[in-house]
Structures are given as structure tokens and as C-alpha cells.
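> Input protein.tsv, format and content: TSV, C-alpha atoms and all ligand atoms.
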chain	number	residue	atom	x	y	z
A	1	MET	CA	98.15	-15.17	32.55
A	2	SER	CA	94.79	-13.42	32.32
A	3	THR	CA	94.21	-10.38	30.17
A	4	LEU	CA	93.92	-8.20	33.22
A	5	GLY	CA	97.13	-9.68	34.57
A	6	SER	CA	99.09	-8.73	31.50
A	7	ALA	CA	97.37	-5.36	31.38
A	8	ALA	CA	98.38	-4.84	34.98
A	9	ALA	CA	101.98	-5.65	34.09
A	10	ALA	CA	101.89	-3.06	31.34
A	11	GLY	CA	100.25	-0.72	33.83
A	12	THR	CA	103.58	0.01	35.45
A	13	LEU	CA	104.37	2.04	32.36
A	14	SER	CA	102.35	5.15	32.73
A	15	GLY	CA	99.28	6.73	34.24
A	16	SER	CA	97.16	5.03	36.86
A	17	LEU	CA	96.55	1.33	36.65
A	18	ALA	CA	92.89	1.82	37.53
A	19	SER	CA	92.19	4.01	34.55
A	20	ARG	CA	93.76	1.54	32.16
A	21	LEU	CA	91.86	-1.39	33.58
A	22	LYS	CA	88.70	0.65	33.27
A	23	LEU	CA	89.52	1.11	29.60
A	24	VAL	CA	89.95	-2.59	29.01
A	25	GLY	CA	86.90	-3.43	31.07
A	26	ALA	CA	84.58	-0.97	29.38
A	27	ALA	CA	82.87	-2.84	26.60
A	28	GLU	CA	81.88	0.41	24.94
A	29	SER	CA	85.46	1.64	24.82
A	30	SER	CA	87.03	1.31	21.40
A	31	LEU	CA	90.24	2.38	19.76
A	32	ARG	CA	88.07	3.73	16.98
A	33	ASP	CA	86.34	6.19	19.36
A	34	LEU	CA	89.47	7.07	21.34
A	35	ALA	CA	91.23	7.96	18.09
A	36	ALA	CA	88.21	9.80	16.68
A	37	GLN	CA	88.03	11.96	19.81
A	38	LYS	CA	91.36	13.42	18.68
A	39	GLY	CA	90.42	13.67	15.02
A	40	LEU	CA	92.46	10.54	14.24
A	41	ILE	CA	91.53	7.40	12.33
A	42	TYR	CA	92.30	4.01	13.83
A	43	GLY	CA	91.98	0.93	11.66
A	44	CYS	CA	93.57	-2.35	10.71
A	45	SER	CA	94.40	-4.52	7.74
A	46	THR	CA	92.70	-7.85	7.24
A	47	ALA	CA	92.05	-10.63	4.78
A	48	PRO	CA	88.37	-10.75	3.69
A	49	ASP	CA	88.05	-14.49	4.42
A	50	TYR	CA	87.24	-14.08	8.12
A	51	LEU	CA	84.38	-11.67	7.39
A	52	ILE	CA	82.27	-13.84	5.06
A	53	PRO	CA	80.74	-17.33	5.25
A	54	GLY	CA	83.28	-20.00	4.38
A	55	PRO	CA	85.98	-22.19	5.90
A	56	LYS	CA	87.79	-19.24	7.51
A	57	SER	CA	84.67	-17.39	8.67
A	58	ASN	CA	85.04	-15.80	12.11
A	59	PRO	CA	81.99	-13.71	13.08
A	60	ALA	CA	83.45	-12.79	16.49
A	61	PHE	CA	86.50	-11.35	14.74
A	62	GLY	CA	84.26	-9.42	12.35
A	63	ARG	CA	82.28	-7.96	15.26
A	64	LEU	CA	85.48	-6.96	17.04
A	65	LEU	CA	86.85	-5.35	13.89
A	66	ALA	CA	83.68	-3.34	13.35
A	67	GLN	CA	83.62	-2.28	17.00
A	68	GLN	CA	87.28	-1.27	17.26
A	69	CYS	CA	88.16	0.09	13.82
A	70	GLY	CA	87.16	3.22	11.96
A	71	MET	CA	88.88	1.99	8.81
A	72	VAL	CA	89.63	-1.33	7.16
A	73	VAL	CA	92.46	-1.87	4.69
A	74	PRO	CA	93.26	-4.87	2.50
A	75	GLU	CA	96.26	-6.86	3.70
A	76	ASN	CA	96.75	-8.56	0.31
A	77	ALA	CA	93.33	-8.49	-1.36
A	78	LEU	CA	94.11	-5.62	-3.72
A	79	ASN	CA	97.69	-6.65	-4.53
A	80	TRP	CA	98.18	-6.53	-8.28
A	81	SER	CA	98.80	-10.30	-8.46
A	82	PHE	CA	95.35	-10.86	-6.90
A	83	VAL	CA	93.30	-8.44	-8.98
A	84	GLU	CA	94.94	-9.04	-12.37
A	85	SER	CA	96.43	-12.52	-12.27
A	86	SER	CA	96.40	-12.61	-16.06
A	87	PRO	CA	96.89	-9.49	-18.20
A	88	GLY	CA	93.77	-7.40	-18.66
A	89	LYS	CA	91.49	-9.74	-16.65
A	90	PHE	CA	90.45	-7.87	-13.53
A	91	ASP	CA	88.81	-9.46	-10.49
A	92	PHE	CA	87.98	-7.18	-7.57
A	93	HIS	CA	85.78	-9.54	-5.57
A	94	LEU	CA	88.18	-9.75	-2.60
A	95	GLY	CA	88.53	-5.99	-2.30
A	96	ASP	CA	84.77	-5.63	-2.78
A	97	ILE	CA	84.13	-7.81	0.29
A	98	LEU	CA	86.21	-5.44	2.40
A	99	GLU	CA	84.65	-2.37	0.84
A	100	SER	CA	81.11	-3.57	1.57
A	101	PHE	CA	82.07	-4.61	5.10
A	102	ALA	CA	83.45	-1.13	5.68
A	103	LYS	CA	80.33	0.48	4.27
A	104	ALA	CA	78.00	-1.73	6.33
A	105	HIS	CA	79.81	-0.69	9.50
A	106	ASN	CA	80.29	2.96	8.71
A	107	MET	CA	84.05	2.55	8.41
A	108	LYS	CA	86.48	4.02	5.93
A	109	PHE	CA	87.99	1.72	3.30
A	110	GLY	CA	91.34	2.45	1.73
A	111	ASN	CA	95.11	1.97	1.49
A	112	GLY	CA	94.98	-0.66	-1.26
A	113	VAL	CA	98.45	-0.97	-2.80
A	114	LEU	CA	98.80	-0.26	-6.51
A	115	VAL	CA	102.51	-0.48	-7.42
A	116	TRP	CA	104.75	-2.68	-5.29
A	117	GLY	CA	107.57	-4.95	-6.47
A	118	VAL	CA	106.50	-7.82	-4.22
A	119	GLY	CA	102.79	-7.79	-5.12
A	120	THR	CA	103.34	-7.74	-8.88
A	121	PRO	CA	102.13	-10.69	-11.02
A	122	ALA	CA	104.86	-12.81	-12.60
A	123	TRP	CA	103.66	-12.01	-16.15
A	124	PHE	CA	104.67	-8.37	-15.68
A	125	ASN	CA	108.38	-9.28	-15.62
A	126	SER	CA	108.41	-10.66	-19.16
A	127	LEU	CA	106.92	-7.55	-20.77
A	128	SER	CA	108.87	-5.16	-22.99
A	129	PRO	CA	109.51	-1.69	-21.51
A	130	GLY	CA	106.70	-0.16	-23.58
A	131	GLN	CA	104.25	-2.91	-22.61
A	132	ALA	CA	105.28	-2.66	-18.95
A	133	ARG	CA	104.49	1.06	-18.74
A	134	GLN	CA	101.16	0.45	-20.45
A	135	ALA	CA	100.32	-2.47	-18.13
A	136	MET	CA	101.26	-0.50	-15.02
A	137	LEU	CA	99.17	2.52	-16.01
A	138	ASN	CA	96.26	0.30	-17.03
A	139	HIS	CA	96.39	-1.55	-13.72
A	140	VAL	CA	96.38	1.72	-11.76
A	141	THR	CA	93.59	3.22	-13.85
A	142	GLN	CA	91.32	0.16	-13.78
A	143	THR	CA	91.78	-0.49	-10.08
A	144	VAL	CA	91.32	3.10	-8.94
A	145	SER	CA	88.34	3.57	-11.30
A	146	HIS	CA	86.61	0.49	-9.90
A	147	TYR	CA	86.59	2.08	-6.42
A	148	ARG	CA	86.16	5.67	-7.56
A	149	GLY	CA	84.32	7.63	-4.88
A	150	ARG	CA	84.25	4.55	-2.59
A	151	THR	CA	87.77	4.61	-1.15
A	152	PHE	CA	89.38	7.02	1.26
A	153	SER	CA	92.94	6.51	0.06
A	154	TRP	CA	95.36	4.59	-2.16
A	155	GLU	CA	98.85	3.39	-1.38
A	156	VAL	CA	100.02	4.27	-4.86
A	157	VAL	CA	103.63	3.11	-4.54
A	158	ASN	CA	105.12	0.91	-1.82
A	159	GLU	CA	108.82	0.36	-1.00
A	160	ALA	CA	110.47	2.20	-3.89
A	161	LYS	CA	113.42	3.78	-2.10
A	162	ALA	CA	116.80	2.03	-2.22
A	163	TRP	CA	118.35	0.16	0.66
A	164	ARG	CA	121.48	1.68	2.15
A	165	GLY	CA	124.54	0.51	0.27
A	166	GLU	CA	122.52	-0.85	-2.64
A	167	GLY	CA	123.66	0.83	-5.85
A	168	THR	CA	124.07	4.56	-6.09
A	169	GLY	CA	120.59	5.82	-6.87
A	170	ASP	CA	117.73	6.72	-4.57
A	171	LEU	CA	115.44	4.01	-5.98
A	172	LYS	CA	115.42	0.29	-5.29
A	173	ASP	CA	116.06	-2.14	-8.11
A	174	THR	CA	112.51	-3.27	-8.93
A	175	PRO	CA	110.79	-4.49	-12.11
A	176	PHE	CA	109.23	-1.01	-12.34
A	177	LEU	CA	112.57	0.78	-12.27
A	178	ARG	CA	114.06	-1.67	-14.78
A	179	LEU	CA	111.13	-1.83	-17.22
A	180	VAL	CA	109.29	1.48	-16.82
A	181	GLY	CA	112.11	3.74	-15.66
A	182	PRO	CA	112.62	6.15	-12.75
A	183	ASP	CA	109.50	8.17	-13.55
A	184	TYR	CA	107.28	5.19	-12.67
A	185	ILE	CA	106.38	6.77	-9.32
A	186	GLU	CA	105.13	10.04	-10.73
A	187	ALA	CA	103.40	8.29	-13.64
A	188	SER	CA	101.48	6.07	-11.20
A	189	PHE	CA	100.38	9.00	-9.04
A	190	ARG	CA	99.19	10.95	-12.06
A	191	ALA	CA	97.19	7.97	-13.37
A	192	ALA	CA	95.64	7.40	-9.93
A	193	ALA	CA	94.67	11.07	-9.55
A	194	ALA	CA	93.08	11.09	-13.00
A	195	ALA	CA	91.01	8.00	-12.12
A	196	ASP	CA	89.80	9.32	-8.73
A	197	PRO	CA	90.62	12.94	-7.94
A	198	GLY	CA	88.92	12.62	-4.54
A	199	ALA	CA	91.09	9.88	-3.00
A	200	LEU	CA	94.07	10.61	-0.77
A	201	LEU	CA	97.13	9.30	-2.64
A	202	PHE	CA	100.17	8.28	-0.65
A	203	TYR	CA	103.65	6.86	-0.98
A	204	ASN	CA	104.51	4.12	1.54
A	205	ASP	CA	107.83	2.81	2.85
A	206	ASN	CA	109.76	1.19	5.70
A	207	HIS	CA	113.06	1.80	7.52
A	208	LEU	CA	112.12	5.29	8.64
A	209	GLU	CA	111.50	4.69	12.34
A	210	TYR	CA	114.73	4.00	14.23
A	211	ASP	CA	118.07	5.63	14.97
A	212	ASN	CA	120.46	3.50	12.95
A	213	PRO	CA	122.37	4.02	9.69
A	214	GLU	CA	119.77	2.19	7.56
A	215	ASP	CA	116.93	4.38	8.82
A	216	ASP	CA	119.05	7.57	8.70
A	217	PHE	CA	119.63	6.72	5.05
A	218	GLY	CA	115.92	5.95	4.62
A	219	ARG	CA	114.76	9.30	5.99
A	220	THR	CA	117.30	11.32	3.99
A	221	THR	CA	116.64	9.45	0.76
A	222	LEU	CA	112.89	9.56	1.13
A	223	LEU	CA	112.85	13.30	1.80
A	224	LYS	CA	114.82	13.71	-1.44
A	225	ILE	CA	112.31	11.57	-3.34
A	226	LEU	CA	109.31	13.41	-1.85
A	227	LYS	CA	110.79	16.84	-2.57
A	228	GLY	CA	111.43	15.75	-6.17
A	229	LEU	CA	107.81	14.65	-6.58
A	230	ILE	CA	106.44	17.85	-5.11
A	231	ALA	CA	108.73	19.99	-7.27
A	232	LYS	CA	107.17	18.26	-10.28
A	233	LYS	CA	103.65	18.89	-8.92
A	234	VAL	CA	102.94	15.17	-8.65
A	235	PRO	CA	99.51	14.73	-6.97
A	236	ILE	CA	100.74	13.13	-3.74
A	237	GLY	CA	98.82	13.85	-0.53
A	238	ALA	CA	100.53	11.81	2.15
A	239	LEU	CA	103.39	9.61	3.28
A	240	GLY	CA	102.73	6.17	4.76
A	241	ILE	CA	105.25	4.95	7.32
A	242	GLN	CA	104.98	1.18	7.70
A	243	SER	CA	106.07	1.13	11.37
A	244	HIS	CA	106.89	-2.55	11.80
A	245	LEU	CA	108.46	-1.94	15.22
A	246	ARG	CA	110.62	-4.30	17.25
A	247	THR	CA	111.46	-4.75	20.91
A	248	GLY	CA	115.00	-5.36	22.14
A	249	ASN	CA	116.08	-1.75	22.67
A	250	VAL	CA	116.64	-0.83	19.06
A	251	PRO	CA	118.29	2.62	19.12
A	252	PHE	CA	115.57	5.24	18.80
A	253	SER	CA	115.77	9.01	18.60
A	254	GLY	CA	112.54	10.86	19.27
A	255	GLY	CA	114.29	14.02	18.10
A	256	LYS	CA	115.30	12.60	14.70
A	257	LEU	CA	111.87	11.11	14.16
A	258	LYS	CA	110.10	14.33	15.15
A	259	ASP	CA	112.35	16.31	12.84
A	260	PHE	CA	111.65	13.95	9.95
A	261	LEU	CA	107.89	14.09	10.49
A	262	SER	CA	107.86	17.86	10.63
A	263	GLN	CA	109.90	18.08	7.43
A	264	VAL	CA	107.34	15.82	5.74
A	265	ALA	CA	104.52	17.98	7.14
A	266	ASP	CA	106.29	21.13	5.87
A	267	LEU	CA	106.07	19.68	2.37
A	268	GLY	CA	102.29	19.88	2.76
A	269	LEU	CA	101.88	16.12	3.19
A	270	LYS	CA	99.73	14.21	5.68
A	271	ILE	CA	101.21	11.15	7.38
A	272	ILE	CA	99.66	7.71	7.83
A	273	ILE	CA	101.09	5.12	10.21
A	274	SER	CA	100.24	2.35	7.79
A	275	GLU	CA	101.32	-1.11	9.03
A	276	LEU	CA	101.95	-0.87	12.76
A	277	ASP	CA	102.88	-4.03	14.68
A	278	VAL	CA	105.64	-5.14	17.04
A	279	THR	CA	108.06	-8.03	16.51
A	280	GLU	CA	109.58	-9.39	19.71
A	281	LYS	CA	113.36	-9.27	19.48
A	282	GLY	CA	114.06	-8.84	23.20
A	283	PRO	CA	115.15	-11.44	25.79
A	284	GLU	CA	111.72	-11.55	27.53
A	285	THR	CA	110.15	-15.00	27.87
A	286	GLN	CA	107.35	-14.48	30.44
A	287	LEU	CA	104.10	-13.22	29.02
A	288	ALA	CA	103.86	-10.24	31.39
A	289	ASP	CA	107.42	-9.12	30.56
A	290	ARG	CA	106.85	-9.61	26.85
A	291	ASP	CA	103.69	-7.52	27.02
A	292	VAL	CA	105.47	-4.72	28.86
A	293	ALA	CA	108.19	-4.68	26.19
A	294	VAL	CA	105.67	-4.53	23.34
A	295	ALA	CA	103.61	-1.82	25.06
A	296	ARG	CA	106.72	0.23	25.82
A	297	GLU	CA	107.80	0.10	22.19
A	298	LEU	CA	104.40	1.29	21.03
A	299	GLU	CA	104.29	4.03	23.66
A	300	ARG	CA	107.72	5.43	22.85
A	301	TYR	CA	107.00	5.44	19.12
A	302	LEU	CA	103.43	6.74	19.17
A	303	GLY	CA	104.32	9.22	21.90
A	304	VAL	CA	106.50	11.01	19.36
A	305	VAL	CA	104.51	10.33	16.21
A	306	LEU	CA	101.12	11.51	17.46
A	307	GLN	CA	102.55	14.86	18.58
A	308	GLU	CA	102.84	15.66	14.87
A	309	ARG	CA	99.47	16.99	13.76
A	310	ALA	CA	100.05	15.96	10.14
A	311	VAL	CA	99.58	12.35	11.30
A	312	ILE	CA	95.97	11.52	10.49
A	313	ALA	CA	95.71	7.74	10.87
A	314	VAL	CA	97.14	4.77	12.73
A	315	ILE	CA	96.57	1.43	11.00
A	316	THR	CA	97.76	-1.78	12.63
A	317	TRP	CA	98.83	-4.66	10.38
A	318	GLY	CA	96.09	-6.95	11.58
A	319	LEU	CA	93.99	-6.71	14.72
A	320	SER	CA	94.46	-10.06	16.44
A	321	ALA	CA	97.50	-12.28	16.86
A	322	ARG	CA	95.31	-15.04	15.45
A	323	TYR	CA	95.89	-13.53	12.01
A	324	THR	CA	99.28	-11.87	11.83
A	325	TRP	CA	101.79	-12.15	9.02
A	326	LEU	CA	104.49	-12.27	11.73
A	327	SER	CA	103.55	-15.87	12.67
A	328	ALA	CA	105.14	-16.89	9.38
A	329	TYR	CA	107.63	-14.05	8.89
A	330	ALA	CA	109.04	-13.64	12.42
A	331	PRO	CA	107.98	-16.49	14.72
A	332	ARG	CA	109.46	-16.63	18.21
A	333	ALA	CA	112.30	-19.12	18.64
A	334	ASP	CA	110.46	-20.69	21.61
A	335	GLY	CA	107.32	-21.17	19.54
A	336	GLN	CA	105.07	-19.15	21.90
A	337	PRO	CA	102.17	-17.32	20.22
A	338	LEU	CA	103.04	-13.75	19.27
A	339	ARG	CA	101.58	-10.61	20.91
A	340	PRO	CA	102.17	-7.97	18.22
A	341	LEU	CA	98.68	-6.45	18.02
A	342	PRO	CA	95.83	-5.03	20.16
A	343	TYR	CA	94.18	-8.46	20.52
A	344	ASP	CA	95.63	-11.87	21.27
A	345	SER	CA	94.79	-15.07	19.42
A	346	ASP	CA	91.69	-15.56	21.63
A	347	LEU	CA	90.47	-12.07	20.71
A	348	GLN	CA	91.24	-10.73	24.19
A	349	PRO	CA	92.78	-7.24	24.48
A	350	THR	CA	96.53	-7.14	25.07
A	351	ALA	CA	98.88	-4.57	26.55
A	352	ALA	CA	99.26	-3.30	22.99
A	353	TRP	CA	95.58	-2.30	23.12
A	354	GLN	CA	96.35	-0.34	26.28
A	355	ALA	CA	99.36	1.29	24.70
A	356	LEU	CA	97.35	2.42	21.69
A	357	ALA	CA	94.51	3.67	23.89
A	358	THR	CA	96.96	5.60	26.07
A	359	ALA	CA	98.70	7.07	23.02
A	360	PHE	CA	95.37	8.26	21.60
A	361	GLU	CA	94.36	9.72	24.96
A	362	ARG	CA	97.61	11.68	25.14
A	363	ALA	CA	97.60	12.83	21.52
A	364	PRO	CA	96.83	16.46	20.84
A	365	ALA	CA	93.58	16.95	18.92
A	366	ARG	CA	93.76	17.47	15.16
B	401	LIG	C1	102.60	-8.84	3.98
B	401	LIG	C2	101.29	-9.55	4.29
B	401	LIG	O1	100.92	-9.27	5.60
B	401	LIG	C3	101.48	-11.02	4.10
B	401	LIG	O2	100.23	-11.68	4.26
B	401	LIG	C4	102.04	-11.32	2.71
B	401	LIG	O3	102.32	-12.69	2.61
B	401	LIG	C5	103.31	-10.52	2.48
B	401	LIG	O4	103.02	-9.16	2.67
B	401	LIG	N1	105.39	-4.62	4.16
B	401	LIG	C6	104.29	-4.38	3.40
B	401	LIG	C7	103.12	-5.29	3.50
B	401	LIG	O5	104.19	-3.34	2.75
B	401	LIG	O6	102.37	-5.32	2.31
B	401	LIG	C8	103.55	-6.68	3.90
B	401	LIG	O7	102.39	-7.48	4.06
B	401	LIG	C9	104.37	-6.61	5.14
B	401	LIG	C10	105.63	-5.82	4.91
Can you give me the file's structure in the form of C-alpha cells?

Amino acid sequence: MSTLGSAAAAGTLSGSLASRLKLVGAAESSLRDLAAQKGLIYGCSTAPDYLIPGPKSNPAFGRLLAQQCGMVVPENALNWSFVESSPGKFDFHLGDILESFAKAHNMKFGNGVLVWGVGTPAWFNSLSPGQARQAMLNHVTQTVSHYRGRTFSWEVVNEAKAWRGEGTGDLKDTPFLRLVGPDYIEASFRAAAAADPGALLFYNDNHLEYDNPEDDFGRTTLLKILKGLIAKKVPIGALGIQSHLRTGNVPFSGGKLKDFLSQVADLGLKIIISELDVTEKGPETQLADRDVAVARELERYLGVVLQERAVIAVITWGLSARYTWLSAYAPRADGQPLRPLPYDSDLQPTAAWQALATAFERAPAR
């Protein structure tokens, strides 16, 4: 089915079909501008490889990214295991590619992750507790200092809160908790703030979006963690909500989500939608139906989220289905290409593009 065909299918959702088709058709129309009109940032994560000469080079993708995005964030390029693969030897060339791309196209650069169990190099796990604290603080300090004054924001800690039913504490069992201790979150934020007082520092996590026991637990636990940090005057400026959404009628409560967001805002924190994409878990098999399901999921989520004025940015986890982590992590059983992002694998806009555009159009101005 053509792009306009799938957009037309999504068009049954809201507003007039003509205005949405006009949006897709208008070459000058970009998510970047639609978001900016409301004082919002729209951006995406990417690997640097597509943006530079080399085997994975994709100039059309680079042009699209620069046209559509007001911010670029590293998908993996600043993971600890990439920048310090052996202790004390730092290599920022991958992050630097993204930072210069952003600068060349007048985009923000940010959201590199500093402390995350999954992105940690293997050598960290064999350190003594004293060495581990030192290594963690050194990693934060070196990395943040390298980009001092050149980055909008840092994802200081990712995925620290416990899963429901796992242990009794609020924090997940990670190498940081085991080796550094429960104050590893605040210690990382303080080191990051000392290295670049101008960057927006945020805590990032998942399982905060839906109306099920895991996410109820997530919201309650995270509010506890955030309140604890703020009580200790930890220099945290925002919360990142990953927002890996899924179709298939997952129970959703706009009221619970709204309440959670306003409690976060009341703590004085901004909110970043940090890794938005949609995994298809519904029964749909036809492209048009699949696109409607994805667009609906985005519209119901962003319709609530963007009402909260503390939300400053929407970052999708990738821009095109050509490069999405979901191809490996959550492929469709029928093997059809995924449609989780604003552009399909041929770099044509999808119904998700429409859903984002509509959500930005309807958002109150910041
Ligand atoms: C994913 C990347 O997209 C993949 O390329 C990588 O192999 C694994 O990590 N939550 C996060 C992100 O916080 O960092 C993850 O990114 C997706 C889930």
C-alpha cells in the first residue's frame, strides 16, 4: 500500500483527512517545526554510522534526520562499554560524530547515557567496591567533561528502579547497587553536575506508561526514588520516560498517567519522552490496519502526555524502520517489516508520522 493509502487509513482516527494528507504532502512540514511551534523539542536516536562515509552511509537518511529532528541522541554511541572499553582509555569518536552532525544542522545533542547496567563494560564487574565507585565517578566526570557546554542533557542513570516482585528494595539488582551501593544514583548526578553545571541531568526508566500492576509499581516506586533524591538536594532536572509502547489494547489509564506526570512536575522536574516507539502486539496483519493500531497507540499516549506542560521533549527511538532495535528485539511472527517509527524502511512517512504531527498540533504551547 502507498504511503498516502496508509495515511488515509490512519485518517479515520481524528481530524479531517485532507489536513493530514496536506501535512504528509508538504515537503516543508517537519516534526521538528510542528513541535517547536509549541515550545517542544522533537528528535530521535541514531547510530552515527549512517551519517558519515563508510559501508553504512545513508545520505538520504541523514538529510531526513536533519530536516525532521531538532535534536539527535546517541542510541548506543555513548554507552560506557563503547567509550571506555578498557579502564581509563576513553574514546569519544562515535559521540563526536553525532555532536558535530547536530551542530552542523542547528540541532540539539544530548541524552547520552552515563550509568546503566546493560551498557557497562565487562571489566567493571570484577572491580572491588572501592575501585568500582572510583571507576563510575571517573567515567561520569570524563564523559561529561568531554562534552561540557556542547550537550543539552545527560541521561545520568537508566533503569535503576526494581521490577515488581524482585526483592524488597526500590532499586534493581545491578552491578552499581552491588559494588557501589544504593547511593550510586546521587553520586553520579553530583559528579555530572560538577563536570557540566549547564546540562539538564535526568533519570530515565521504563514501565511507567500503562495501567497494569507492573507499571503501577513502577510509578509508585519511582516517585519514592525521585522524592528521596530531591530531599537530598541531588542536582536532578528531569525524568525520562522511555515510552516503548505496544499495540494490542494494553490497559491504559489516562487519569493515572496524568496524575503521575503532574506529581513529577510538582517536584520541580521536567519530563522527557525519551525512547518512543511502538511494538505491534495486536492481531492486525494488513498494513493499513497495523498502521491504524500504531497511530492510535501514539495518539492515546501523547494525547495525555503532551497536556502536561512539564514535558519538554519527545524523542523517538530511531526515525526509520530501516534502523530500529525492534527488528532484532521484537520482530513480527509473520516476518513483515515493522512500522514502529515516523518513517518506514524506504524513508517514507508512516501513520506514526501523522500521529506525532497531530499530537504536536493539539498540544498546548509551553
Ligand atoms: C537498545 C538499542 O536500541 C540497541 O541497539 C541495543 O542493542 C540495546 O539497547 N531501553 C533503553 C535503550 O534504555 O538504551 C535500549 O536501546 C532499548 C531499551
> For Trp325 of chain A, which residue out of A:Asp170, A:Val250, A:Val180, A:Arg339 is the nearest one, using all atoms listed in the file?
A:Arg339
> Quick one: residues within 7 Å of segment 152-158 of chain A, only C-alpha atoms, excluding same-chain residues fewer than 2 positions away - as an NGL selection string?
:A and (108-116 or 150 or 160 or 185 or 188-189 or 199-205)
> Could you list, as a list in words, all residues that come within 9 Å of ligand LIG 401 (chain B)? Count all atoms listed in the file.
Ser45, Thr46, Ala47, Glu75, Asn76, Asn79, Val113, Trp116, Val118, Gly119, Asn158, Glu159, Asn204, Asp205, Asn206, Gln242, His244, Ser274, Glu275, Trp317, Gly318, Thr324, Trp325, Leu326, Ala328 and Tyr329 of chain A
> Go through A:His139, A:Arg148, A:Lys233, A:Lys103 one by one, measure the shortest atom-to-atom distance of each to Thr120 of chain A using only C-alpha atoms, and give the residue with the smallest value.
A:His139
> Can you pull out the residues contacting segment 265-272 of chain A? Cut-off 9 Å, using only C-alpha atoms, and skip same-chain residues under 3 positions away; I want them as a tab-separated table (two decimals) with C-alpha atoms, keeping the file's coordinate frame.

chain	number	residue	atom	x	y	z
A	202	PHE	CA	100.17	8.28	-0.65
A	204	ASN	CA	104.51	4.12	1.54
A	226	LEU	CA	109.31	13.41	-1.85
A	227	LYS	CA	110.79	16.84	-2.57
A	230	ILE	CA	106.44	17.85	-5.11
A	236	ILE	CA	100.74	13.13	-3.74
A	237	GLY	CA	98.82	13.85	-0.53
A	238	ALA	CA	100.53	11.81	2.15
A	239	LEU	CA	103.39	9.61	3.28
A	240	GLY	CA	102.73	6.17	4.76
A	241	ILE	CA	105.25	4.95	7.32
A	242	GLN	CA	104.98	1.18	7.70
A	260	PHE	CA	111.65	13.95	9.95
A	261	LEU	CA	107.89	14.09	10.49
A	262	SER	CA	107.86	17.86	10.63
A	308	GLU	CA	102.84	15.66	14.87
A	309	ARG	CA	99.47	16.99	13.76
A	310	ALA	CA	100.05	15.96	10.14
A	311	VAL	CA	99.58	12.35	11.30
A	312	ILE	CA	95.97	11.52	10.49
A	313	ALA	CA	95.71	7.74	10.87
A	314	VAL	CA	97.14	4.77	12.73
A	315	ILE	CA	96.57	1.43	11.00
> Using only C-alpha atoms, find the one residue out of A:Ala363, A:Ala162, A:Leu171, A:Val140 that sits nearest to Ala191 of chain A.
A:Val140
> I want to know what sits within 12 Å of segment 121-123 of chain A, based on only C-alpha atoms, with residues of the same chain fewer than 5 positions away left out; could you give that as a ChimeraX atom specification?
/A:78-88,114-116,128,131-132,135-136,139,175
> Nearest to Glu361 of chain A: which of A:Gln37, A:Ser29, A:Gln263, A:Thr174 is it, counting all atoms listed in the file?
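Counting all atoms listed in the file, the residue closest to Glu361 of chain A is A:Gln37.
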> Have a look at A:Gln67, A:Gln354, A:Gln336, A:Thr151 and name the one nearest to Val292 of chain A; count only C-alpha atoms.
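The answer is A:Gln354, which sits nearest to Val292 of chain A.
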> Of the residues A:Pro364, A:Arg290, A:Lys281, A:Leu341, which is the one nearest to Val304 of chain A, using only C-alpha atoms?
A:Pro364
> Work out how far apart atom CA of Val264 of chain A and atom CA of Glu214 of chain A are and give it in Å to one decimal.
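These two atoms are separated by 18.5 Å.
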> Output segment 317-330 of chain A with N, CA, C and O atoms present, as an mmCIF file, keeping the file's coordinate frame.

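Wrote selection_5.cif, looks like this:
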data_model
loop_
_atom_site.group_PDB
_atom_site.id
_atom_site.type_symbol
_atom_site.label_atom_id
_atom_site.label_comp_id
_atom_site.auth_asym_id
_atom_site.auth_seq_id
_atom_site.Cartn_x
_atom_site.Cartn_y
_atom_site.Cartn_z
ATOM 1 N N TRP A 317 98.772 -3.640 11.447
ATOM 2 C CA TRP A 317 98.830 -4.660 10.380
ATOM 3 C C TRP A 317 98.211 -5.942 10.914
ATOM 4 O O TRP A 317 98.890 -6.887 11.307
ATOM 5 N N GLY A 318 96.872 -5.908 10.917
ATOM 6 C CA GLY A 318 96.090 -6.950 11.580
ATOM 7 C C GLY A 318 95.514 -6.379 12.854
ATOM 8 O O GLY A 318 95.840 -5.252 13.263
ATOM 9 N N LEU A 319 94.625 -7.141 13.472
ATOM 10 C CA LEU A 319 93.990 -6.710 14.720
ATOM 11 C C LEU A 319 94.296 -7.707 15.831
ATOM 12 O O LEU A 319 94.540 -7.335 16.969
ATOM 13 N N SER A 320 94.284 -8.983 15.467
ATOM 14 C CA SER A 320 94.460 -10.060 16.440
ATOM 15 C C SER A 320 95.660 -10.922 16.055
ATOM 16 O O SER A 320 95.899 -11.175 14.874
ATOM 17 N N ALA A 321 96.348 -11.400 17.092
ATOM 18 C CA ALA A 321 97.500 -12.280 16.860
ATOM 19 C C ALA A 321 97.085 -13.590 16.184
ATOM 20 O O ALA A 321 97.923 -14.331 15.683
ATOM 21 N N ARG A 322 95.787 -13.838 16.156
ATOM 22 C CA ARG A 322 95.310 -15.040 15.450
ATOM 23 C C ARG A 322 95.649 -14.963 13.959
ATOM 24 O O ARG A 322 95.887 -15.973 13.312
ATOM 25 N N TYR A 323 95.628 -13.732 13.442
ATOM 26 C CA TYR A 323 95.890 -13.530 12.010
ATOM 27 C C TYR A 323 96.968 -12.479 11.841
ATOM 28 O O TYR A 323 96.669 -11.334 11.528
ATOM 29 N N THR A 324 98.205 -12.827 12.076
ATOM 30 C CA THR A 324 99.280 -11.870 11.830
ATOM 31 C C THR A 324 100.314 -12.473 10.894
ATOM 32 O O THR A 324 100.685 -13.636 11.051
ATOM 33 N N TRP A 325 100.763 -11.676 9.947
ATOM 34 C CA TRP A 325 101.790 -12.150 9.020
ATOM 35 C C TRP A 325 103.056 -12.557 9.763
ATOM 36 O O TRP A 325 103.848 -13.358 9.273
ATOM 37 N N LEU A 326 103.248 -12.004 10.995
ATOM 38 C CA LEU A 326 104.490 -12.270 11.730
ATOM 39 C C LEU A 326 104.587 -13.736 12.177
ATOM 40 O O LEU A 326 105.685 -14.226 12.413
ATOM 41 N N SER A 327 103.461 -14.441 12.286
ATOM 42 C CA SER A 327 103.550 -15.870 12.670
ATOM 43 C C SER A 327 104.403 -16.627 11.668
ATOM 44 O O SER A 327 105.108 -17.562 12.027
ATOM 45 N N ALA A 328 104.320 -16.226 10.395
ATOM 46 C CA ALA A 328 105.140 -16.890 9.380
ATOM 47 C C ALA A 328 106.482 -16.170 9.195
ATOM 48 O O ALA A 328 107.521 -16.805 9.053
ATOM 49 N N TYR A 329 106.436 -14.845 9.249
ATOM 50 C CA TYR A 329 107.630 -14.050 8.890
ATOM 51 C C TYR A 329 108.620 -13.951 10.034
ATOM 52 O O TYR A 329 109.831 -13.960 9.815
ATOM 53 N N ALA A 330 108.124 -13.824 11.274
ATOM 54 C CA ALA A 330 109.040 -13.640 12.420
ATOM 55 C C ALA A 330 108.527 -14.387 13.647
ATOM 56 O O ALA A 330 108.209 -13.785 14.671
#
